[in-house]
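Data from structure-v1.txt: compact mmCIF, C-alpha atoms and all ligand atoms
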```
# COMPACT_ATOMS: atom_id res chain seq x y z
CA MET A 1 -65.81 16.86 129.70
CA ASN A 2 -69.15 18.24 128.78
CA ARG A 3 -71.36 16.33 126.43
CA LEU A 4 -71.00 18.76 123.59
CA ASN A 5 -67.23 18.53 123.57
CA ARG A 6 -67.40 14.79 123.83
CA LEU A 7 -69.70 14.68 120.83
CA ILE A 8 -67.40 16.91 118.82
CA ILE A 9 -64.41 14.73 119.60
CA LEU A 10 -66.26 11.56 118.70
CA LEU A 11 -67.62 13.01 115.49
CA VAL A 12 -64.57 14.83 114.27
CA PHE A 13 -61.82 12.84 115.71
CA GLY A 14 -62.93 9.48 117.06
CA PRO A 15 -63.84 7.54 113.92
CA ALA A 16 -60.95 8.99 111.95
CA MET A 17 -58.45 8.05 114.57
CA ILE A 18 -59.87 4.63 115.18
CA CYS A 19 -59.69 3.92 111.46
CA ALA A 20 -56.16 5.27 111.31
CA GLY A 21 -55.12 2.61 113.79
CA ILE A 22 -54.69 -1.06 113.20
CA ALA A 23 -58.28 -1.86 112.34
CA CYS A 24 -61.32 0.15 111.37
CA ASN A 25 -63.33 -1.19 114.26
CA ARG A 26 -65.69 1.12 116.10
CA GLN A 27 -66.85 -1.48 118.54
CA VAL A 28 -65.53 -1.57 122.03
CA VAL A 29 -62.83 -4.18 122.24
CA PRO A 30 -60.97 -5.38 125.31
CA ALA A 31 -57.82 -3.43 125.98
CA SER A 32 -55.79 -6.58 125.64
CA GLN A 33 -56.80 -6.84 121.97
CA ILE A 34 -55.45 -3.44 121.08
CA ASN A 35 -51.94 -3.18 119.78
CA VAL A 36 -50.53 -1.70 122.96
CA ARG A 37 -49.47 -4.78 124.86
CA PHE A 38 -46.45 -3.52 126.71
CA GLY A 39 -44.30 -5.82 124.62
CA SER A 40 -43.68 -3.47 121.72
CA TYR A 41 -43.32 0.22 120.93
CA PRO A 42 -46.51 1.39 119.19
CA SER A 43 -46.97 4.21 116.72
CA SER A 44 -48.62 7.48 117.73
CA GLU A 45 -51.79 6.42 115.88
CA GLU A 46 -51.94 3.14 117.78
CA ILE A 47 -51.47 5.03 121.04
CA SER A 48 -54.37 7.39 120.19
CA THR A 49 -56.57 4.43 119.32
CA TYR A 50 -55.68 2.79 122.59
CA ILE A 51 -56.51 5.91 124.63
CA ILE A 52 -59.89 6.25 122.91
CA GLN A 53 -60.67 2.61 123.62
CA LEU A 54 -59.72 3.02 127.27
CA GLU A 55 -62.26 5.79 127.59
CA LYS A 56 -64.94 3.66 125.93
CA LEU A 57 -64.20 0.75 128.22
CA HIS A 58 -64.26 2.87 131.36
CA PRO A 59 -66.79 5.67 130.80
CA ASP A 60 -67.29 6.32 134.53
CA TYR A 61 -63.61 6.78 135.17
CA ALA A 62 -61.93 8.14 132.05
CA ASP A 63 -62.48 11.13 129.79
CA ILE A 64 -60.30 12.20 126.91
CA TYR A 65 -59.62 15.64 125.52
CA GLU A 66 -57.94 16.61 122.29
CA ILE A 67 -55.81 19.47 123.59
CA GLY A 68 -53.88 20.42 120.48
CA ALA A 69 -52.05 19.13 117.46
CA SER A 70 -48.40 18.67 116.55
CA TRP A 71 -46.61 20.31 113.63
CA GLU A 72 -47.58 17.33 111.46
CA LYS A 73 -51.20 17.64 112.63
CA ARG A 74 -51.25 14.63 114.89
CA PRO A 75 -53.67 15.07 117.78
CA ILE A 76 -52.31 15.49 121.30
CA LEU A 77 -54.60 13.73 123.75
CA ALA A 78 -55.08 14.20 127.46
CA MET A 79 -56.95 11.93 129.82
CA ARG A 80 -58.79 12.71 133.02
CA ILE A 81 -59.06 9.76 135.34
CA THR A 82 -61.14 9.75 138.50
CA ASP A 83 -64.30 8.24 139.95
CA GLU A 84 -66.75 10.61 138.30
CA LYS A 85 -69.59 9.52 140.61
CA SER A 86 -67.84 10.75 143.71
CA GLY A 87 -67.22 14.46 143.98
CA ASP A 88 -66.45 17.09 141.36
CA PRO A 89 -63.44 15.80 139.38
CA GLU A 90 -62.21 19.34 138.81
CA LYS A 91 -62.19 20.11 142.53
CA LYS A 92 -60.47 17.02 143.85
CA PRO A 93 -56.74 17.38 144.46
CA ALA A 94 -55.01 16.23 141.28
CA MET A 95 -51.78 14.85 139.95
CA TYR A 96 -50.65 15.69 136.44
CA MET A 97 -48.45 13.32 134.44
CA ASP A 98 -46.97 13.60 130.98
CA ALA A 99 -44.66 11.47 128.88
CA GLY A 100 -43.03 11.47 125.50
CA HIS A 101 -41.74 15.05 125.33
CA HIS A 102 -38.76 13.35 123.73
CA GLY A 103 -39.97 11.12 120.92
CA ASN A 104 -37.13 8.64 121.23
CA GLU A 105 -37.87 7.97 124.92
CA LYS A 106 -40.67 5.56 124.15
CA ILE A 107 -40.51 3.68 127.42
CA SER A 108 -41.72 6.84 129.18
CA VAL A 109 -44.93 6.68 127.13
CA GLN A 110 -45.33 2.98 127.86
CA SER A 111 -44.87 3.59 131.59
CA ALA A 112 -47.63 6.23 131.60
CA LEU A 113 -50.02 4.04 129.58
CA PHE A 114 -49.34 1.02 131.78
CA PHE A 115 -50.08 3.10 134.89
CA VAL A 116 -53.33 4.38 133.44
CA THR A 117 -54.34 0.91 132.27
CA TYR A 118 -53.69 -0.60 135.68
CA ILE A 119 -55.80 2.07 137.39
CA LEU A 120 -58.72 1.65 135.00
CA ASP A 121 -58.60 -2.15 135.03
CA ASN A 122 -58.49 -2.17 138.85
CA SER A 123 -60.82 0.71 139.65
CA GLU A 124 -63.00 -1.55 141.76
CA ARG A 125 -60.69 -4.47 142.49
CA ASP A 126 -57.75 -2.76 144.15
CA PRO A 127 -58.84 -0.93 147.35
CA LEU A 128 -56.00 1.57 147.13
CA VAL A 129 -56.87 2.45 143.53
CA ALA A 130 -60.59 2.66 144.34
CA HIS A 131 -59.89 5.05 147.20
CA LEU A 132 -57.52 7.22 145.16
CA LEU A 133 -60.07 7.44 142.35
CA LYS A 134 -62.77 8.54 144.81
CA THR A 135 -60.67 11.19 146.49
CA ARG A 136 -58.26 12.41 143.83
CA THR A 137 -58.04 13.15 140.13
CA LEU A 138 -55.31 12.18 137.67
CA TYR A 139 -54.59 14.05 134.43
CA VAL A 140 -52.31 12.39 131.91
CA ILE A 141 -50.89 13.45 128.56
CA PRO A 142 -49.34 10.13 127.54
CA LEU A 143 -47.61 11.42 124.41
CA VAL A 144 -46.67 15.09 124.14
CA ASN A 145 -44.61 14.68 120.95
CA PRO A 146 -46.42 12.31 118.58
CA ASP A 147 -44.31 13.36 115.57
CA GLY A 148 -41.10 12.61 117.44
CA ASN A 149 -42.48 9.25 118.57
CA ASN A 150 -43.14 8.12 115.01
CA ALA A 151 -39.78 9.43 113.80
CA GLY A 152 -37.94 7.97 116.79
CA GLU A 153 -36.41 11.40 117.40
CA ARG A 154 -35.90 13.45 120.52
CA THR A 155 -37.11 16.74 119.02
CA ASN A 156 -40.40 17.71 117.48
CA LYS A 157 -40.90 18.20 113.72
CA ASN A 158 -40.70 21.99 113.50
CA PRO A 159 -39.89 22.41 109.79
CA ASN A 160 -37.46 25.25 110.46
CA ILE A 161 -35.35 23.86 113.24
CA PRO A 162 -36.58 20.91 115.29
CA VAL A 163 -37.02 21.91 118.93
CA ASP A 164 -36.24 20.08 122.14
CA LEU A 165 -39.68 20.43 123.74
CA ASN A 166 -38.27 19.97 127.22
CA ARG A 167 -36.32 23.19 126.73
CA ASN A 168 -39.20 25.24 125.34
CA TYR A 169 -40.92 26.22 128.62
CA GLU A 170 -40.80 29.67 130.03
CA TYR A 171 -38.99 29.38 133.34
CA GLY A 172 -35.25 29.77 132.83
CA TRP A 173 -35.78 29.52 129.08
CA GLN A 174 -32.90 30.24 126.73
CA ALA A 175 -32.67 29.59 123.00
CA GLY A 176 -29.46 27.93 123.94
CA PHE A 177 -26.76 26.15 122.08
CA ASP A 178 -25.78 26.16 118.51
CA LYS A 179 -28.36 25.11 116.03
CA ASP A 180 -26.49 21.95 115.15
CA ARG A 181 -27.22 20.68 118.62
CA ALA A 182 -30.97 20.66 118.17
CA MET A 183 -31.01 18.11 120.96
CA LEU A 184 -31.07 21.00 123.42
CA TYR A 185 -32.44 23.77 121.21
CA GLY A 186 -35.08 25.70 123.15
CA GLY A 187 -36.86 27.26 120.15
CA THR A 188 -37.22 30.89 119.06
CA ASP A 189 -39.26 31.82 122.15
CA PRO A 190 -40.77 30.12 125.19
CA PHE A 191 -43.82 28.18 124.07
CA SER A 192 -43.01 28.71 120.41
CA GLU A 193 -44.16 25.13 119.74
CA PRO A 194 -47.75 23.87 119.43
CA GLU A 195 -46.95 20.84 121.60
CA THR A 196 -45.80 22.86 124.61
CA ARG A 197 -48.62 25.37 124.16
CA ALA A 198 -51.08 22.49 124.40
CA VAL A 199 -49.49 21.36 127.67
CA ARG A 200 -49.47 24.91 129.06
CA LYS A 201 -53.14 25.50 128.29
CA PHE A 202 -54.21 22.16 129.73
CA VAL A 203 -52.24 22.55 132.95
CA LEU A 204 -53.32 26.14 133.55
CA GLU A 205 -56.97 25.21 132.99
CA HIS A 206 -56.88 22.71 135.84
CA LYS A 207 -56.29 24.64 139.04
CA ASN A 208 -56.65 21.50 141.14
CA ILE A 209 -53.30 20.15 139.93
CA ASN A 210 -50.99 20.06 142.94
CA ILE A 211 -48.21 17.71 141.93
CA ALA A 212 -46.75 16.58 138.62
CA LEU A 213 -44.57 13.89 137.14
CA THR A 214 -42.98 14.44 133.75
CA LEU A 215 -41.55 11.19 132.39
CA HIS A 216 -38.34 10.73 130.44
CA SER A 217 -35.68 8.10 129.92
CA GLY A 218 -31.98 7.79 129.18
CA ILE A 219 -30.81 7.86 132.76
CA ASP A 220 -32.25 6.26 135.88
CA ARG A 221 -33.08 9.18 138.09
CA LEU A 222 -35.63 11.29 139.96
CA HIS A 223 -34.94 14.97 139.38
CA THR A 224 -36.34 17.77 141.50
CA PRO A 225 -36.28 21.40 140.41
CA GLY A 226 -33.26 22.25 142.58
CA PHE A 227 -30.80 25.13 142.60
CA THR A 228 -32.27 28.45 141.54
CA ILE A 229 -35.82 27.38 142.06
CA GLN A 230 -34.90 25.97 145.41
CA GLU A 231 -33.71 29.42 146.46
CA ASN A 232 -37.11 30.78 145.54
CA PHE A 233 -39.02 28.03 147.30
CA PRO A 234 -36.77 26.86 150.12
CA GLN A 235 -39.69 25.67 152.23
CA ASP A 236 -40.49 23.04 149.63
CA GLN A 237 -37.26 21.14 149.84
CA GLN A 238 -38.34 19.04 152.79
CA GLU A 239 -41.38 17.73 150.93
CA TYR A 240 -39.31 17.00 147.87
CA ASP A 241 -36.71 15.11 149.90
CA ILE A 242 -39.20 12.97 151.79
CA ILE A 243 -41.28 12.04 148.79
CA SER A 244 -38.35 11.48 146.40
CA GLY A 245 -36.69 9.21 148.94
CA GLU A 246 -39.78 7.05 149.42
CA ALA A 247 -40.54 6.89 145.70
CA ALA A 248 -36.96 5.81 145.00
CA ILE A 249 -37.22 2.97 147.52
CA LEU A 250 -40.45 1.78 145.88
CA ALA A 251 -38.78 1.83 142.44
CA GLY A 252 -35.91 -0.26 143.77
CA ARG A 253 -37.71 -3.56 144.10
CA ASN A 254 -38.17 -6.74 142.09
CA GLY A 255 -34.63 -6.83 140.78
CA PHE A 256 -34.35 -3.12 140.07
CA TYR A 257 -31.97 -0.68 141.68
CA SER A 258 -33.32 2.48 143.27
CA PRO A 259 -32.98 5.41 140.89
CA ALA A 260 -30.54 8.14 141.85
CA LEU A 261 -31.91 11.41 143.21
CA SER A 262 -30.70 14.68 141.89
CA PRO A 263 -31.63 18.34 141.68
CA LEU A 264 -31.74 19.61 138.13
CA GLY A 265 -30.50 23.17 138.32
CA ILE A 266 -31.32 25.94 135.97
CA ALA A 267 -28.85 28.50 137.25
CA LYS A 268 -25.97 27.42 135.06
CA GLY A 269 -27.98 26.86 131.92
CA GLY A 270 -27.82 23.55 130.18
CA GLY A 271 -29.61 20.76 131.97
CA GLY A 272 -32.64 22.39 133.50
CA ALA A 273 -33.25 25.53 131.44
CA GLY A 274 -36.77 25.79 130.07
CA THR A 275 -37.87 22.37 131.30
CA THR A 276 -41.44 21.33 131.93
CA MET A 277 -40.56 20.60 135.53
CA ALA A 278 -39.11 24.06 136.19
CA TRP A 279 -42.16 25.72 134.65
CA LEU A 280 -44.55 23.53 136.64
CA HIS A 281 -42.81 24.39 139.88
CA ALA A 282 -42.78 28.07 139.02
CA ASN A 283 -46.57 27.68 138.78
CA SER A 284 -46.71 26.36 142.35
CA ILE A 285 -46.98 22.70 141.36
CA TYR A 286 -44.63 20.22 142.98
CA ALA A 287 -42.89 18.59 140.03
CA TRP A 288 -40.52 15.73 139.39
CA THR A 289 -38.78 14.69 136.22
CA VAL A 290 -38.90 10.93 136.44
CA GLU A 291 -36.27 9.27 134.26
CA VAL A 292 -37.60 5.75 134.12
CA TYR A 293 -34.75 3.90 132.45
CA GLY A 294 -31.08 4.20 131.53
CA ASP A 295 -27.59 4.32 133.02
CA GLY A 296 -26.56 0.86 131.79
CA LYS A 297 -27.21 -0.78 135.15
CA TYR A 298 -28.73 -4.01 133.89
CA PRO A 299 -27.17 -6.79 131.83
CA TRP A 300 -30.01 -6.67 129.30
CA GLU A 301 -29.55 -2.94 128.81
CA THR A 302 -27.20 -3.15 125.90
CA VAL A 303 -28.73 -1.91 122.68
CA ASP A 304 -30.59 1.34 123.32
CA LYS A 305 -29.80 3.57 126.27
CA TYR A 306 -33.27 5.11 126.05
CA ASN A 307 -35.51 2.06 125.77
CA PRO A 308 -35.30 -1.49 127.09
CA PRO A 309 -35.58 -4.46 124.73
CA GLU A 310 -39.22 -5.24 124.04
CA LYS A 311 -39.34 -8.30 126.25
CA HIS A 312 -38.43 -6.13 129.26
CA ILE A 313 -41.00 -3.37 128.67
CA GLU A 314 -43.61 -4.85 130.96
CA ASP A 315 -41.17 -5.41 133.84
CA LEU A 316 -39.99 -1.86 133.51
CA CYS A 317 -43.56 -0.49 133.47
CA ASN A 318 -44.41 -2.63 136.47
CA ARG A 319 -41.45 -1.23 138.33
CA TRP A 320 -42.98 2.27 138.22
CA LEU A 321 -46.51 1.30 139.15
CA LYS A 322 -46.09 1.54 142.94
CA PRO A 323 -43.99 4.71 142.84
CA PHE A 324 -46.59 6.43 140.64
CA LEU A 325 -49.46 5.31 142.91
CA TYR A 326 -47.44 6.54 145.84
CA TYR A 327 -46.93 9.97 144.29
CA TRP A 328 -50.65 10.19 143.61
CA SER A 329 -51.47 9.23 147.20
CA THR A 330 -49.26 11.98 148.64
CA LEU A 331 -51.77 14.64 147.59
CA PRO A 332 -53.38 16.20 150.62
CA ASN A 333 -56.93 14.98 150.98
CA LEU A 334 -59.12 16.43 153.66
CA GLY A 335 -61.98 14.20 154.67
CA LEU A 336 -64.79 13.89 157.16
CA TYR A 337 -64.29 10.46 158.68
CA GLY A 338 -67.19 10.40 161.06
CA VAL A 339 -69.81 12.20 163.11
CA LYS A 340 -71.29 10.86 166.30
CA VAL A 341 -73.21 11.96 169.36
CA LYS A 342 -72.20 10.56 172.70
CA ASN A 343 -73.16 11.77 176.18
CA ASP A 344 -75.00 14.68 174.61
CA THR A 345 -71.91 15.90 172.82
CA LEU A 346 -71.25 16.10 169.10
CA TYR A 347 -67.99 14.60 167.87
CA ILE A 348 -66.54 15.19 164.42
CA THR A 349 -63.49 13.38 163.10
CA VAL A 350 -61.51 15.05 160.33
CA GLY A 351 -58.37 13.76 158.68
CA ASN A 352 -55.89 14.05 155.85
CA ASP A 353 -54.62 10.76 154.47
CA GLY A 354 -52.06 12.41 152.18
CA LYS A 355 -48.39 13.05 152.75
CA PHE A 356 -48.53 16.79 152.20
CA PRO A 357 -49.49 18.64 155.38
CA MET A 358 -52.74 20.51 155.68
CA ASP A 359 -54.21 23.08 158.05
CA ALA A 360 -57.96 22.66 158.22
CA LEU A 361 -60.74 24.95 159.34
CA VAL A 362 -63.81 23.11 160.61
CA GLN A 363 -67.03 25.11 160.80
CA VAL A 364 -70.42 23.93 161.99
CA TRP A 365 -73.62 25.73 160.99
CA LYS A 366 -77.16 25.34 162.18
CA LYS A 367 -80.11 27.29 160.74
CA GLY A 368 -77.68 29.56 158.91
CA GLN A 369 -75.81 30.41 162.11
CA LYS A 370 -72.24 29.41 162.72
CA VAL A 371 -72.34 27.55 166.02
CA TYR A 372 -68.74 26.36 166.17
CA TYR A 373 -65.40 26.65 164.43
CA LEU A 374 -61.92 25.37 165.07
CA SER A 375 -58.67 25.30 163.12
CA VAL A 376 -56.79 22.04 163.14
CA ASP A 377 -53.19 22.51 162.15
CA ASN A 378 -50.75 20.20 160.48
CA LEU A 379 -52.92 17.25 159.57
CA ARG A 380 -50.74 14.79 157.69
CA GLU A 381 -51.45 11.09 157.43
CA ASN A 382 -53.60 11.40 160.53
CA SER A 383 -56.98 12.42 161.85
CA ARG A 384 -58.30 14.35 164.81
CA GLU A 385 -61.52 13.96 166.77
CA ILE A 386 -63.10 17.26 167.70
CA MET A 387 -65.55 17.58 170.55
CA ILE A 388 -68.23 20.19 169.97
CA PRO A 389 -69.87 21.44 173.14
CA LEU A 390 -73.43 22.22 172.10
CA PRO A 391 -76.28 22.46 174.59
CA PRO A 392 -78.42 19.30 174.43
CA GLU A 393 -81.44 21.06 172.96
CA GLU A 394 -79.26 22.19 170.04
CA LEU A 395 -78.16 18.70 169.10
CA THR A 396 -81.04 17.60 166.93
CA GLY A 397 -81.85 18.97 163.51
CA ASP A 398 -80.05 19.89 160.33
CA PHE A 399 -76.40 20.78 160.41
CA MET A 400 -73.94 21.93 157.82
CA ILE A 401 -70.27 21.16 158.32
CA SER A 402 -67.72 22.83 156.13
CA LEU A 403 -64.10 21.72 155.93
CA SER A 404 -61.64 24.04 154.30
CA GLY A 405 -58.03 23.18 154.01
CA ASN A 406 -54.99 25.29 153.40
CA THR A 407 -52.30 23.03 152.15
CA THR A 408 -48.81 23.59 150.90
CA THR A 409 -50.17 22.67 147.49
CA GLY A 410 -53.46 24.53 147.35
CA PRO A 411 -56.91 24.98 148.85
CA GLN A 412 -59.62 22.41 149.33
CA ASN A 413 -63.22 22.91 150.40
CA ASP A 414 -65.92 20.42 151.26
CA ILE A 415 -69.46 20.82 152.48
CA PHE A 416 -71.51 18.23 154.34
CA LYS A 417 -75.16 18.47 155.23
CA LEU A 418 -76.32 16.19 158.00
CA SER A 419 -79.40 15.62 160.02
CA LEU A 420 -79.21 14.46 163.64
CA SER A 421 -82.18 12.96 165.43
CA LEU A 422 -82.81 11.19 168.70
CA SER A 423 -85.18 8.28 169.07
CA GLY A 424 -85.38 6.93 172.59
CA THR A 425 -81.72 6.80 173.55
CA THR A 426 -80.39 6.20 170.04
CA TRP A 427 -78.98 8.94 167.86
CA SER A 428 -79.22 8.61 164.14
CA ILE A 429 -77.28 10.63 161.61
CA SER A 430 -78.28 10.94 157.99
CA THR A 431 -76.27 12.67 155.30
CA ALA A 432 -78.02 14.90 152.81
CA GLU A 433 -74.89 16.02 151.02
CA GLY A 434 -71.27 14.83 151.10
CA THR A 435 -70.03 11.40 152.05
CA PHE A 436 -67.99 10.08 154.91
CA GLU A 437 -64.64 8.85 153.87
CA SER A 438 -63.23 5.50 154.72
CA LYS A 439 -60.29 5.87 157.00
CA LEU A 440 -57.75 4.13 154.85
CA PRO A 441 -54.17 4.08 156.14
CA LEU A 442 -52.71 4.73 152.70
CA MET A 443 -49.10 4.34 153.63
CA ASN A 444 -49.70 0.73 154.66
CA PHE A 445 -50.07 -0.05 150.99
CA PHE A 446 -46.49 0.96 150.37
CA LYS A 447 -44.76 -0.95 153.13
ZN ZN B 501 -36.13 13.17 127.86
```
Translate the structure of the given file into structure tokens.
Amino acid sequence: MNRLNRLIILLVFGPAMICAGIACNRQVVPASQINVRFGSYPSSEEISTYIIQLEKLHPDYADIYEIGASWEKRPILAMRITDEKSGDPEKKPAMYMDAGHHGNEKISVQSALFFVTYILDNSERDPLVAHLLKTRTLYVIPLVNPDGNNAGERTNKNPNIPVDLNRNYEYGWQAGFDKDRAMLYGGTDPFSEPETRAVRKFVLEHKNINIALTLHSGIDRLHTPGFTIQENFPQDQQEYDIISGEAAILAGRNGFYSPALSPLGIAKGGGGAGTTMAWLHANSIYAWTVEVYGDGKYPWETVDKYNPPEKHIEDLCNRWLKPFLYYWSTLPNLGLYGVKVKNDTLYITVGNDGKFPMDALVQVWKKGQKVYYLSVDNLRENSREIMIPLPPEELTGDFMISLSGNTTTGPQNDIFKLSLSLSGTTWSISTAEGTFESKLPLMNFFK
């Protein structure tokens, strides 16, 4: 966020919101002292206070944006989480996550906040998190429907007829259903509601979003767009199947069952019409509806089919930590792993440590002239060493290497400026722009 916007938010919104929370305390306090402890279900005001404090505690990793307001004028906040020192946050491949479209599905909000908190608290301690923060961006709207959260209701607080926000998106939208069943009422038009308009604007403004998770509860399931959308995007089904399957295995540990997998069709109306997920996919973003809790599978799941008893909140949030990190790590991430000179030949190693495949174009420039290019197809959780046959007299000096990737989820471009010099028999390589990436076998973290 630019400094001006940050200032406006702090002036207009920050103090007011902090005072609206549990204590009028403008000092930075440890996250553990804020009333979001993953052992209770906080109010929308407490959640806003918590998000603001997270940003203050982690200024190099978190930014917040006020992206809109609900019918009852509660702010809707979005977070951007990434290592701001490494690369342009708006150009790194990004995952989008939202929660709390349905105000009564409070555990979805807790799961998103727990995920964000873990990442920020472990930005330097956990090597997987540190790497993901360097190479990828995460956008989160932890609570889309703050009015519904405070009222404990599924719908928003539209004073005419409350709207089911997860039926108010454009793709496959229908007003749907009789007005007495506001539970699935899609509104007067697509994006008739301020809450969904805020989501739309935020998502469309961030072209680096490649995949998305939209969190719900009430059933224990990973939904993919399915049916009609699948007919439009048949090539995507393989990626959905692979990633859903692995995420489900990761969610089925520590005493939890694996969630069921299911396509959520829109062809027959009902279930999938006008959902966030369908709209995201129609905008070329791989999207899952993650239902984090429900189905009555556990003995302690007796009172509320949407939310676990408070003493089980943290376990439930913990359950989703690995699957969410896994989803984030699947983003294609093209990197330059190394450059070396051996036997008077230049070697460049390029790789993609994400799960989504990528075709890369490697170009090498010297003194403004392109001296070499090669396309490397289907990089996916691997790397390739390229041998560049330059005449020996060409090997010293300043080089520019550009990597451009065409992925199934969008483009990526990186530039590196390097200087090669020979002293005696030793080559040295210095980088003027761009950084080498550590070659981290990401999938080992999920074994
Ligand atoms: Zn829901």
Let me have all residues with an atom within 12 Å of ligand ZN 501 (chain B), counting all atoms listed in the file, laid out as a ChimeraX atom specification.
-> /A:98-109,144-145,148-149,153-155,164-167,183-184,214-221,223,271-272,275-277,289-294,305-307
How close does each residue of stretch 268-339 of chain A get to stretch 251-260 of chain A, giving the shortest atom pair and distance in Å to one decimal for every residue with an atom at most 8 Å away, counting all atoms listed in the file, sorted by chain and residue number, as a Markdown table?
```
| residue | atom | partner | partner_atom | distance |
| --- | --- | --- | --- | --- |
| A:Arg319 | CA | A:Ala251 | CA | 5.8 |
| A:Trp320 | CA | A:Ala251 | CA | 6.0 |
| A:Lys322 | CA | A:Ala251 | CA | 7.3 |
| A:Pro323 | CA | A:Ala251 | CA | 6.0 |
```
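Our summary of the geometry notes that atom CA of A:Tyr185 is positioned 26.0 Å from atom CA of A:Val303.
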Just the residues within 6 Å of stretch 376-391 of chain A, please, counting all atoms listed in the file, with nothing from its chain fewer than 5 positions along; format it as a PyMOL selection string.
-> chain A and resi 345-355+357-360
Atom-to-atom span, atom CA of A:Trp328 and atom CA of A:Lys56, Å =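 Atom-to-atom, atom CA of A:Trp328 to atom CA of A:Lys56, that is 23.7 Å.
Proximity to A:Val364 was assessed for A:Ser404, A:Lys297, A:Asn333, A:Tyr327 counting all atoms listed in the file; the smallest distance is recorded for A:Ser404.
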Using all atoms listed in the file, pick whichever of A:Ala62, A:Val341, A:Leu133, A:Leu336 has the shortest atom-to-atom distance to A:Asp414.
->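 Distance minimum relative to A:Asp414 lands on A:Leu336.
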If we count all atoms listed in the file, what is near stretch 202-211 of chain A at a cut-off of 6 Å, once residues fewer than 3 positions away on the same chain are taken out, given as a PDB file with C-alpha atoms, keeping the file's coordinate frame?
```pdb
ATOM      1  CA  LYS A  91     -62.190  20.110 142.530  1.00  0.00           C
ATOM      2  CA  PRO A  93     -56.740  17.380 144.460  1.00  0.00           C
ATOM      3  CA  ALA A  94     -55.010  16.230 141.280  1.00  0.00           C
ATOM      4  CA  MET A  95     -51.780  14.850 139.950  1.00  0.00           C
ATOM      5  CA  VAL A 199     -49.490  21.360 127.670  1.00  0.00           C
ATOM      6  CA  ILE A 285     -46.980  22.700 141.360  1.00  0.00           C
ATOM      7  CA  TYR A 286     -44.630  20.220 142.980  1.00  0.00           C
ATOM      8  CA  ALA A 287     -42.890  18.590 140.030  1.00  0.00           C
ATOM      9  CA  THR A 409     -50.170  22.670 147.490  1.00  0.00           C
TER      10      THR A 409
END
```
Expected file for stretch 395-406 of chain A keeping C-alpha atoms, as a PDB file, in the first residue's frame:
```pdb
ATOM      1  CA  LEU A 395      32.185 -14.783 -21.305  1.00  0.00           C
ATOM      2  CA  THR A 396      33.296 -11.850 -19.223  1.00  0.00           C
ATOM      3  CA  GLY A 397      31.317  -8.680 -18.663  1.00  0.00           C
ATOM      4  CA  ASP A 398      27.782  -7.654 -17.877  1.00  0.00           C
ATOM      5  CA  PHE A 399      24.913  -9.939 -18.742  1.00  0.00           C
ATOM      6  CA  MET A 400      21.185  -9.656 -18.454  1.00  0.00           C
ATOM      7  CA  ILE A 401      19.135 -12.810 -18.086  1.00  0.00           C
ATOM      8  CA  SER A 402      15.399 -12.639 -18.460  1.00  0.00           C
ATOM      9  CA  LEU A 403      13.080 -15.460 -17.452  1.00  0.00           C
ATOM     10  CA  SER A 404       9.529 -15.325 -18.664  1.00  0.00           C
ATOM     11  CA  GLY A 405       7.073 -17.993 -17.822  1.00  0.00           C
ATOM     12  CA  ASN A 406       3.808 -18.975 -19.372  1.00  0.00           C
TER      13      ASN A 406
END
```
